[in-house]
Number of protein chains: 2
Amino acid sequence: MRNLIEIAEQQEIVYKGKYLEYHLDHVILPNGKTSTREYLHHPGAIGAVPLLDSGDIIMVKQFRYPTQSVILEIPAGKLEEGEDPVECVRRELMEEIGYEPQTIVHLASVWTTPGFTDEIIHLYLATELRENRAEMDPDEFLELVALKKADLLELLNSGAVVDGKTLLAISLLQLRNIW
Amino acid sequence: MRNLIEIAEQQEIVYKGKYLEYHLDHVILPNGKTSTREYLHHPGAIGAVPLLDSGDIIMVKQFRYPTQSVILEIPAGKLEEGEDPVECVRRELMEEIGYEPQTIVHLASVWTTPGFTDEIIHLYLATELRENRAEMDPDEFLELVALKKADLLELLNSGAVVDGKTLLAISLLQLRNIW
């Protein structure tokens with residue numbers, strides 16, 4: 001393999017947000033020249049497909065401020081410090097949709113956009129869902145939507161699913177004949 | 001539908017990087033309370049699966065500084081100002097792999113991670129590739145890999161493909177029986 005590695009010679013956090021950090025590093029390139037690299041440090045995230053015994057999938061509609069639009073997505077959330085991703089799935093499903101999953105199966109873990117962030121998202125299928133509204137967060141601005149397979153497939157085929165993690169997770173379920 | 005919209009009442013760019021802008025906005029929530037929203041403005045990107053007449057797919061290995069690892073990906077790149085995504089596919093494939101596509105088919109356009117950036121990535125299949133090394137960028141630190149279908153499927157199934165856009169684009173090719 002060619003030498004592709006870039007070595008940091010100076011590292012700086014130029015802006016610290018609520019949960020993101022903007023890093024600006026000076027690096028030595030494989031050819032010995034120097035350059036800068038900018039990236040966002042992110043705590044990592046989970047996304048989970050909540051599949052009811054009925055076959056319906058529960059999705060959420062929410063306004064995503066950066067996109068200035070309401071997007072249909074699988075439930076998702078950021079990892080808290082030191083939190084196990086499976087525990088995060090359980091917490092987010094209880095908070096966002098009011099269901100506690102008994103079974104959580106890993107689908108994939110991917111870098112969301114490795115050119116400018118270290119965010120990794122862990123995707124899961126969550127089944128054997130038991131209603132449990134005790135932890136639901138009344139301050140989340142979400143609309144819940146239970147979708148039958150045919151209706152969700154129609155949305156997928158029409159291009160109406162525009163969230164990367166959602167399209168990936170549902171595609172993996174289809175490819176693996178889980179759903 | 002519930003009212004989910006958040007309205008900006010003050011907008012600020014708190015850090016301007018080489019191509020990313022860190023925005024910090026003050027917003028009015030659907031319940032009338034106020035909060036802040038932070039996000040990265042990104043120019044948008046493309047990713048393309050270059051499928052040779054032989055059936056091989058050309059991928060690139062590169063060191064992605066934010067992840068501190070070498071990742072196997074489909075060729076991709078950021079949109080230049082005012083650039084048409086299809087033109088960007090043509091440019092990136094010539095620069096990164098030295099092939100000019102005669103046919104470019106749209107697969108999907110998705111928000112990569114809508115919680116904290118407005119980055120949208122347009123994914124394509126590129127075929128009828130003609131070798132054209134005139135525009136290849138000698139300063140890109142890339143290793144090219146031509147993969148046969150069976151070898152790529154093995155990588156996919158083993159979890160070795162850890163880049164979100166790559167896993168999504170290849171999954172869509174499989175689901176649509178294009179590949």
# chains A, B, ... in the order shown; residues from 1 in each chain; ligands from 1
>>> residues_around(residues="B:Thr112", least_positions_apart="2", cutoff="7 Å", atoms="only C-alpha atoms", output="PyMOL selection string")
(chain A and resi 112-113+163-164) or (chain B and resi 110+114+119-121)
>>> closest_atom_pairs(of="chain B", to="chain A", cutoff="6 Å", atoms="only C-alpha atoms", output="JSON lines")
{"residue": "B:Leu4", "atom": "CA", "partner": "A:Phe63", "partner_atom": "CA", "distance": 5.6}
{"residue": "B:Ile5", "atom": "CA", "partner": "A:Phe63", "partner_atom": "CA", "distance": 5.8}
{"residue": "B:Tyr39", "atom": "CA", "partner": "A:Pro66", "partner_atom": "CA", "distance": 5.9}
{"residue": "B:Phe63", "atom": "CA", "partner": "A:Leu4", "partner_atom": "CA", "distance": 5.6}
{"residue": "B:Pro66", "atom": "CA", "partner": "A:Asp118", "partner_atom": "CA", "distance": 5.0}
{"residue": "B:Thr67", "atom": "CA", "partner": "A:Asp118", "partner_atom": "CA", "distance": 5.1}
{"residue": "B:Val110", "atom": "CA", "partner": "A:Val162", "partner_atom": "CA", "distance": 4.5}
{"residue": "B:Trp111", "atom": "CA", "partner": "A:Asp163", "partner_atom": "CA", "distance": 5.1}
{"residue": "B:Thr112", "atom": "CA", "partner": "A:Gly164", "partner_atom": "CA", "distance": 5.1}
{"residue": "B:Thr117", "atom": "CA", "partner": "A:Pro66", "partner_atom": "CA", "distance": 5.5}
{"residue": "B:Asp118", "atom": "CA", "partner": "A:Pro66", "partner_atom": "CA", "distance": 5.0}
{"residue": "B:Phe141", "atom": "CA", "partner": "A:Leu4", "partner_atom": "CA", "distance": 5.9}
{"residue": "B:Val162", "atom": "CA", "partner": "A:Val110", "partner_atom": "CA", "distance": 4.5}
{"residue": "B:Asp163", "atom": "CA", "partner": "A:Trp111", "partner_atom": "CA", "distance": 5.1}
{"residue": "B:Gly164", "atom": "CA", "partner": "A:Thr112", "partner_atom": "CA", "distance": 5.1}
{"residue": "B:Leu168", "atom": "CA", "partner": "A:Leu168", "partner_atom": "CA", "distance": 5.3}
>>> write_last_selection(atoms="C-alpha atoms", output="PDB file, in the first residue's frame")
ATOM      1  CA  LEU B   4     -42.680  21.445  14.285  1.00  0.00           C
ATOM      2  CA  ILE B   5     -41.063  24.517  12.741  1.00  0.00           C
ATOM      3  CA  TYR B  39     -24.814  23.620  12.552  1.00  0.00           C
ATOM      4  CA  PHE B  63      -6.491   8.466   4.790  1.00  0.00           C
ATOM      5  CA  PRO B  66     -10.936  13.055  11.079  1.00  0.00           C
ATOM      6  CA  THR B  67     -11.201   9.271  11.478  1.00  0.00           C
ATOM      7  CA  VAL B 110     -29.699  12.458   1.018  1.00  0.00           C
ATOM      8  CA  TRP B 111     -28.820  14.638   3.981  1.00  0.00           C
ATOM      9  CA  THR B 112     -25.715  12.992   5.429  1.00  0.00           C
ATOM     10  CA  THR B 117     -25.069  19.995   8.991  1.00  0.00           C
ATOM     11  CA  ASP B 118     -26.890  20.978   5.822  1.00  0.00           C
ATOM     12  CA  PHE B 141      -3.012  10.806  -1.878  1.00  0.00           C
ATOM     13  CA  VAL B 162     -17.359   1.573   6.986  1.00  0.00           C
ATOM     14  CA  ASP B 163     -18.144   4.647   4.898  1.00  0.00           C
ATOM     15  CA  GLY B 164     -21.810   5.653   4.943  1.00  0.00           C
ATOM     16  CA  LEU B 168     -25.618   3.205   0.807  1.00  0.00           C
TER      17      LEU B 168
END
>>> select_by_dssp(residues="chain A", states="strand (DSSP E)", output="mmCIF file with N, CA and C atoms, in the first residue's frame")
data_model
loop_
_atom_site.group_PDB
_atom_site.id
_atom_site.type_symbol
_atom_site.label_atom_id
_atom_site.label_comp_id
_atom_site.auth_asym_id
_atom_site.auth_seq_id
_atom_site.Cartn_x
_atom_site.Cartn_y
_atom_site.Cartn_z
ATOM 1 N N ILE A 7 0.381 13.092 9.361
ATOM 2 C CA ILE A 7 0.787 13.171 10.773
ATOM 3 C C ILE A 7 0.545 14.580 11.313
ATOM 4 N N ALA A 8 -0.141 14.673 12.451
ATOM 5 C CA ALA A 8 -0.386 15.985 13.069
ATOM 6 C C ALA A 8 0.899 16.533 13.657
ATOM 7 N N GLU A 9 1.163 17.826 13.385
ATOM 8 C CA GLU A 9 2.296 18.421 14.101
ATOM 9 C C GLU A 9 1.833 19.551 15.027
ATOM 10 N N GLN A 10 0.577 19.944 14.876
ATOM 11 C CA GLN A 10 0.018 20.960 15.782
ATOM 12 C C GLN A 10 -1.490 20.802 15.777
ATOM 13 N N GLN A 11 -2.114 20.815 16.942
ATOM 14 C CA GLN A 11 -3.559 20.574 17.034
ATOM 15 C C GLN A 11 -4.214 21.685 17.848
ATOM 16 N N GLU A 12 -5.357 22.146 17.344
ATOM 17 C CA GLU A 12 -6.025 23.249 18.023
ATOM 18 C C GLU A 12 -7.543 23.074 17.920
ATOM 19 N N ILE A 13 -8.253 23.424 18.977
ATOM 20 C CA ILE A 13 -9.715 23.494 18.905
ATOM 21 C C ILE A 13 -10.053 24.973 18.740
ATOM 22 N N VAL A 14 -10.564 25.341 17.553
ATOM 23 C CA VAL A 14 -10.787 26.769 17.298
ATOM 24 C C VAL A 14 -12.181 27.221 17.702
ATOM 25 N N TYR A 15 -13.117 26.270 17.862
ATOM 26 C CA TYR A 15 -14.435 26.636 18.389
ATOM 27 C C TYR A 15 -15.037 25.435 19.113
ATOM 28 N N LYS A 16 -15.571 25.681 20.296
ATOM 29 C CA LYS A 16 -16.184 24.624 21.097
ATOM 30 C C LYS A 16 -17.667 24.934 21.214
ATOM 31 N N GLU A 21 -16.927 20.082 18.474
ATOM 32 C CA GLU A 21 -15.688 20.857 18.568
ATOM 33 C C GLU A 21 -15.109 21.012 17.171
ATOM 34 N N TYR A 22 -14.763 22.239 16.814
ATOM 35 C CA TYR A 22 -14.143 22.491 15.503
ATOM 36 C C TYR A 22 -12.627 22.436 15.689
ATOM 37 N N HIS A 23 -12.001 21.453 15.041
ATOM 38 C CA HIS A 23 -10.549 21.261 15.151
ATOM 39 C C HIS A 23 -9.848 21.804 13.905
ATOM 40 N N LEU A 24 -8.724 22.442 14.132
ATOM 41 C CA LEU A 24 -7.870 22.896 13.032
ATOM 42 C C LEU A 24 -6.460 22.398 13.318
ATOM 43 N N ASP A 25 -6.019 21.401 12.560
ATOM 44 C CA ASP A 25 -4.706 20.791 12.806
ATOM 45 C C ASP A 25 -3.748 21.103 11.659
ATOM 46 N N HIS A 26 -2.497 21.237 11.995
ATOM 47 C CA HIS A 26 -1.441 21.336 10.984
ATOM 48 C C HIS A 26 -0.834 19.952 10.832
ATOM 49 N N VAL A 27 -0.742 19.476 9.565
ATOM 50 C CA VAL A 27 -0.306 18.093 9.351
ATOM 51 C C VAL A 27 0.849 18.027 8.358
ATOM 52 N N ILE A 28 1.584 16.923 8.445
ATOM 53 C CA ILE A 28 2.611 16.611 7.454
ATOM 54 C C ILE A 28 2.025 15.560 6.514
ATOM 55 N N THR A 34 3.485 20.309 4.072
ATOM 56 C CA THR A 34 2.565 20.528 5.192
ATOM 57 C C THR A 34 1.240 21.101 4.675
ATOM 58 N N SER A 35 0.190 20.893 5.464
ATOM 59 C CA SER A 35 -1.126 21.416 5.119
ATOM 60 C C SER A 35 -1.934 21.534 6.405
ATOM 61 N N THR A 36 -3.186 21.972 6.267
ATOM 62 C CA THR A 36 -4.059 22.011 7.446
ATOM 63 C C THR A 36 -5.246 21.088 7.225
ATOM 64 N N ARG A 37 -5.797 20.581 8.293
ATOM 65 C CA ARG A 37 -7.004 19.746 8.245
ATOM 66 C C ARG A 37 -7.997 20.287 9.258
ATOM 67 N N GLU A 38 -9.246 20.449 8.804
ATOM 68 C CA GLU A 38 -10.309 20.949 9.671
ATOM 69 C C GLU A 38 -11.356 19.855 9.831
ATOM 70 N N TYR A 39 -11.818 19.640 11.038
ATOM 71 C CA TYR A 39 -12.892 18.648 11.213
ATOM 72 C C TYR A 39 -13.669 18.922 12.494
ATOM 73 N N LEU A 40 -14.845 18.336 12.538
ATOM 74 C CA LEU A 40 -15.720 18.449 13.698
ATOM 75 C C LEU A 40 -15.638 17.185 14.526
ATOM 76 N N HIS A 41 -15.328 17.328 15.778
ATOM 77 C CA HIS A 41 -15.405 16.169 16.672
ATOM 78 C C HIS A 41 -16.843 16.030 17.166
ATOM 79 N N ALA A 45 -23.287 8.500 17.388
ATOM 80 C CA ALA A 45 -24.748 8.453 17.405
ATOM 81 C C ALA A 45 -25.258 7.045 17.136
ATOM 82 N N ILE A 46 -26.533 6.870 17.394
ATOM 83 C CA ILE A 46 -27.213 5.627 17.012
ATOM 84 C C ILE A 46 -28.446 5.971 16.182
ATOM 85 N N GLY A 47 -28.868 4.996 15.377
ATOM 86 C CA GLY A 47 -30.158 5.061 14.701
ATOM 87 C C GLY A 47 -30.759 3.674 14.801
ATOM 88 N N ALA A 48 -32.070 3.574 15.012
ATOM 89 C CA ALA A 48 -32.673 2.250 15.179
ATOM 90 C C ALA A 48 -33.997 2.164 14.444
ATOM 91 N N VAL A 49 -34.220 1.043 13.763
ATOM 92 C CA VAL A 49 -35.498 0.787 13.092
ATOM 93 C C VAL A 49 -36.393 0.049 14.080
ATOM 94 N N PRO A 50 -37.457 0.697 14.589
ATOM 95 C CA PRO A 50 -38.343 0.038 15.534
ATOM 96 C C PRO A 50 -39.431 -0.722 14.765
ATOM 97 N N ILE A 57 -43.391 -0.143 10.990
ATOM 98 C CA ILE A 57 -42.182 0.516 11.485
ATOM 99 C C ILE A 57 -42.583 1.902 11.986
ATOM 100 N N ILE A 58 -42.091 2.245 13.171
ATOM 101 C CA ILE A 58 -42.414 3.563 13.721
ATOM 102 C C ILE A 58 -41.301 4.537 13.343
ATOM 103 N N MET A 59 -41.690 5.590 12.664
ATOM 104 C CA MET A 59 -40.721 6.602 12.255
ATOM 105 C C MET A 59 -41.094 7.928 12.930
ATOM 106 N N VAL A 60 -40.180 8.873 12.831
ATOM 107 C CA VAL A 60 -40.446 10.185 13.414
ATOM 108 C C VAL A 60 -40.285 11.254 12.338
ATOM 109 N N LYS A 61 -41.158 12.249 12.452
ATOM 110 C CA LYS A 61 -41.028 13.430 11.598
ATOM 111 C C LYS A 61 -40.545 14.555 12.487
ATOM 112 N N GLN A 62 -39.491 15.249 12.082
ATOM 113 C CA GLN A 62 -39.040 16.372 12.892
ATOM 114 C C GLN A 62 -38.416 17.442 12.016
ATOM 115 N N PHE A 63 -38.497 18.656 12.534
ATOM 116 C CA PHE A 63 -37.868 19.784 11.849
ATOM 117 C C PHE A 63 -36.380 19.710 12.131
ATOM 118 N N ARG A 64 -35.581 19.619 11.094
ATOM 119 C CA ARG A 64 -34.134 19.599 11.258
ATOM 120 C C ARG A 64 -33.634 20.971 10.871
ATOM 121 N N SER A 69 -36.133 21.961 7.056
ATOM 122 C CA SER A 69 -37.249 21.164 6.556
ATOM 123 C C SER A 69 -37.626 20.084 7.566
ATOM 124 N N VAL A 70 -38.844 19.577 7.417
ATOM 125 C CA VAL A 70 -39.321 18.472 8.254
ATOM 126 C C VAL A 70 -38.948 17.176 7.539
ATOM 127 N N ILE A 71 -38.237 16.298 8.248
ATOM 128 C CA ILE A 71 -37.696 15.086 7.630
ATOM 129 C C ILE A 71 -38.271 13.849 8.318
ATOM 130 N N LEU A 72 -38.550 12.834 7.512
ATOM 131 C CA LEU A 72 -39.007 11.536 8.027
ATOM 132 C C LEU A 72 -37.780 10.666 8.277
ATOM 133 N N GLU A 73 -37.622 10.212 9.508
ATOM 134 C CA GLU A 73 -36.406 9.478 9.889
ATOM 135 C C GLU A 73 -36.734 8.307 10.811
ATOM 136 N N ALA A 76 -33.332 8.314 16.350
ATOM 137 C CA ALA A 76 -31.876 8.396 16.420
ATOM 138 C C ALA A 76 -31.493 9.345 17.534
ATOM 139 N N GLY A 77 -30.220 9.307 17.896
ATOM 140 C CA GLY A 77 -29.767 10.237 18.918
ATOM 141 C C GLY A 77 -28.275 10.135 19.153
ATOM 142 N N LYS A 78 -27.760 11.138 19.831
ATOM 143 C CA LYS A 78 -26.326 11.178 20.142
ATOM 144 C C LYS A 78 -26.014 10.309 21.355
ATOM 145 N N TYR A 99 -41.523 3.273 23.391
ATOM 146 C CA TYR A 99 -41.457 1.809 23.330
ATOM 147 C C TYR A 99 -40.094 1.342 23.836
ATOM 148 N N GLU A 100 -40.095 0.209 24.567
ATOM 149 C CA GLU A 100 -38.848 -0.377 25.041
ATOM 150 C C GLU A 100 -38.587 -1.656 24.257
ATOM 151 N N PRO A 101 -37.444 -1.730 23.548
ATOM 152 C CA PRO A 101 -37.167 -2.933 22.758
ATOM 153 C C PRO A 101 -36.589 -4.049 23.632
ATOM 154 N N GLN A 102 -37.031 -5.288 23.364
ATOM 155 C CA GLN A 102 -36.464 -6.441 24.080
ATOM 156 C C GLN A 102 -35.280 -7.023 23.295
ATOM 157 N N THR A 103 -35.266 -6.813 21.976
ATOM 158 C CA THR A 103 -34.186 -7.346 21.144
ATOM 159 C C THR A 103 -33.631 -6.232 20.260
ATOM 160 N N ILE A 104 -32.303 -6.124 20.257
ATOM 161 C CA ILE A 104 -31.634 -5.071 19.479
ATOM 162 C C ILE A 104 -30.513 -5.736 18.673
ATOM 163 N N VAL A 105 -30.631 -5.695 17.347
ATOM 164 C CA VAL A 105 -29.673 -6.375 16.462
ATOM 165 C C VAL A 105 -28.878 -5.341 15.675
ATOM 166 N N HIS A 106 -27.566 -5.501 15.663
ATOM 167 C CA HIS A 106 -26.683 -4.560 14.967
ATOM 168 C C HIS A 106 -26.786 -4.749 13.452
ATOM 169 N N LEU A 107 -26.934 -3.640 12.716
ATOM 170 C CA LEU A 107 -26.984 -3.697 11.247
ATOM 171 C C LEU A 107 -25.665 -3.233 10.622
ATOM 172 N N ALA A 108 -25.121 -2.126 11.103
ATOM 173 C CA ALA A 108 -23.878 -1.586 10.543
ATOM 174 C C ALA A 108 -23.415 -0.424 11.419
ATOM 175 N N SER A 109 -22.129 -0.130 11.345
ATOM 176 C CA SER A 109 -21.568 1.077 11.956
ATOM 177 C C SER A 109 -20.753 1.771 10.881
ATOM 178 N N VAL A 110 -21.087 3.014 10.603
ATOM 179 C CA VAL A 110 -20.414 3.728 9.506
ATOM 180 C C VAL A 110 -20.046 5.152 9.908
ATOM 181 N N TRP A 111 -18.981 5.647 9.274
ATOM 182 C CA TRP A 111 -18.655 7.073 9.346
ATOM 183 C C TRP A 111 -19.700 7.788 8.498
ATOM 184 N N ILE A 120 -19.463 8.719 14.061
ATOM 185 C CA ILE A 120 -19.777 7.359 13.632
ATOM 186 C C ILE A 120 -21.217 7.110 14.065
ATOM 187 N N ILE A 121 -21.990 6.447 13.198
ATOM 188 C CA ILE A 121 -23.354 6.096 13.588
ATOM 189 C C ILE A 121 -23.508 4.582 13.585
ATOM 190 N N HIS A 122 -24.077 4.078 14.652
ATOM 191 C CA HIS A 122 -24.333 2.645 14.806
ATOM 192 C C HIS A 122 -25.818 2.417 14.508
ATOM 193 N N LEU A 123 -26.089 1.551 13.543
ATOM 194 C CA LEU A 123 -27.487 1.316 13.133
ATOM 195 C C LEU A 123 -27.961 -0.045 13.624
ATOM 196 N N TYR A 124 -29.214 -0.080 14.090
ATOM 197 C CA TYR A 124 -29.764 -1.293 14.687
ATOM 198 C C TYR A 124 -31.188 -1.545 14.214
ATOM 199 N N LEU A 125 -31.585 -2.809 14.351
ATOM 200 C CA LEU A 125 -32.996 -3.187 14.262
ATOM 201 C C LEU A 125 -33.466 -3.454 15.685
ATOM 202 N N ALA A 126 -34.596 -2.849 16.059
ATOM 203 C CA ALA A 126 -35.140 -3.035 17.415
ATOM 204 C C ALA A 126 -36.499 -3.731 17.299
ATOM 205 N N THR A 127 -36.633 -4.872 17.973
ATOM 206 C CA THR A 127 -37.893 -5.629 17.884
ATOM 207 C C THR A 127 -38.402 -5.990 19.286
ATOM 208 N N GLU A 128 -39.518 -6.729 19.300
ATOM 209 C CA GLU A 128 -40.182 -7.085 20.570
ATOM 210 C C GLU A 128 -40.379 -5.822 21.404
ATOM 211 N N LEU A 129 -41.065 -4.878 20.814
ATOM 212 C CA LEU A 129 -41.231 -3.556 21.435
ATOM 213 C C LEU A 129 -42.403 -3.573 22.412
ATOM 214 N N ARG A 130 -42.144 -3.134 23.636
ATOM 215 C CA ARG A 130 -43.208 -3.027 24.635
ATOM 216 C C ARG A 130 -43.466 -1.556 24.919
ATOM 217 N N GLU A 131 -44.748 -1.192 24.871
ATOM 218 C CA GLU A 131 -45.085 0.207 25.128
ATOM 219 C C GLU A 131 -44.635 0.603 26.539
ATOM 220 N N GLU A 143 -43.282 14.191 15.500
ATOM 221 C CA GLU A 143 -44.552 13.571 15.156
ATOM 222 C C GLU A 143 -44.254 12.109 14.846
ATOM 223 N N LEU A 144 -44.966 11.205 15.506
ATOM 224 C CA LEU A 144 -44.728 9.775 15.277
ATOM 225 C C LEU A 144 -45.603 9.280 14.124
ATOM 226 N N VAL A 145 -45.034 8.387 13.309
ATOM 227 C CA VAL A 145 -45.752 7.846 12.154
ATOM 228 C C VAL A 145 -45.506 6.342 12.110
ATOM 229 N N ALA A 146 -46.562 5.539 12.199
ATOM 230 C CA ALA A 146 -46.412 4.084 12.049
ATOM 231 C C ALA A 146 -46.695 3.745 10.591
ATOM 232 N N LEU A 147 -45.711 3.112 9.941
ATOM 233 C CA LEU A 147 -45.846 2.859 8.504
ATOM 234 C C LEU A 147 -45.872 1.365 8.204
#
>>> select_by_dssp(residues="stretch 59-138 of chain A", states="helix (DSSP H, G or I)", output="list of chain:residue names")
A:Tyr65, A:Pro66, A:Thr67, A:Pro85, A:Val86, A:Glu87, A:Cys88, A:Val89, A:Arg90, A:Arg91, A:Glu92, A:Leu93, A:Met94, A:Glu95, A:Glu96
>>> write_last_selection(atoms="C-alpha atoms", output="PDB file, in the first residue's frame")
ATOM      1  CA  TYR A  65     -32.934  23.137  11.654  1.00  0.00           C
ATOM      2  CA  PRO A  66     -29.794  22.835   9.451  1.00  0.00           C
ATOM      3  CA  THR A  67     -31.907  21.620   6.527  1.00  0.00           C
ATOM      4  CA  PRO A  85     -24.660   2.250  21.820  1.00  0.00           C
ATOM      5  CA  VAL A  86     -27.184  -0.509  22.643  1.00  0.00           C
ATOM      6  CA  GLU A  87     -28.130   1.281  25.857  1.00  0.00           C
ATOM      7  CA  CYS A  88     -28.496   4.483  23.801  1.00  0.00           C
ATOM      8  CA  VAL A  89     -30.952   2.703  21.462  1.00  0.00           C
ATOM      9  CA  ARG A  90     -33.059   1.645  24.455  1.00  0.00           C
ATOM     10  CA  ARG A  91     -33.013   5.175  25.908  1.00  0.00           C
ATOM     11  CA  GLU A  92     -33.793   6.952  22.629  1.00  0.00           C
ATOM     12  CA  LEU A  93     -36.678   4.629  21.746  1.00  0.00           C
ATOM     13  CA  MET A  94     -38.250   5.137  25.167  1.00  0.00           C
ATOM     14  CA  GLU A  95     -37.787   8.917  24.993  1.00  0.00           C
ATOM     15  CA  GLU A  96     -38.814   9.453  21.372  1.00  0.00           C
TER      16      GLU A  96
END
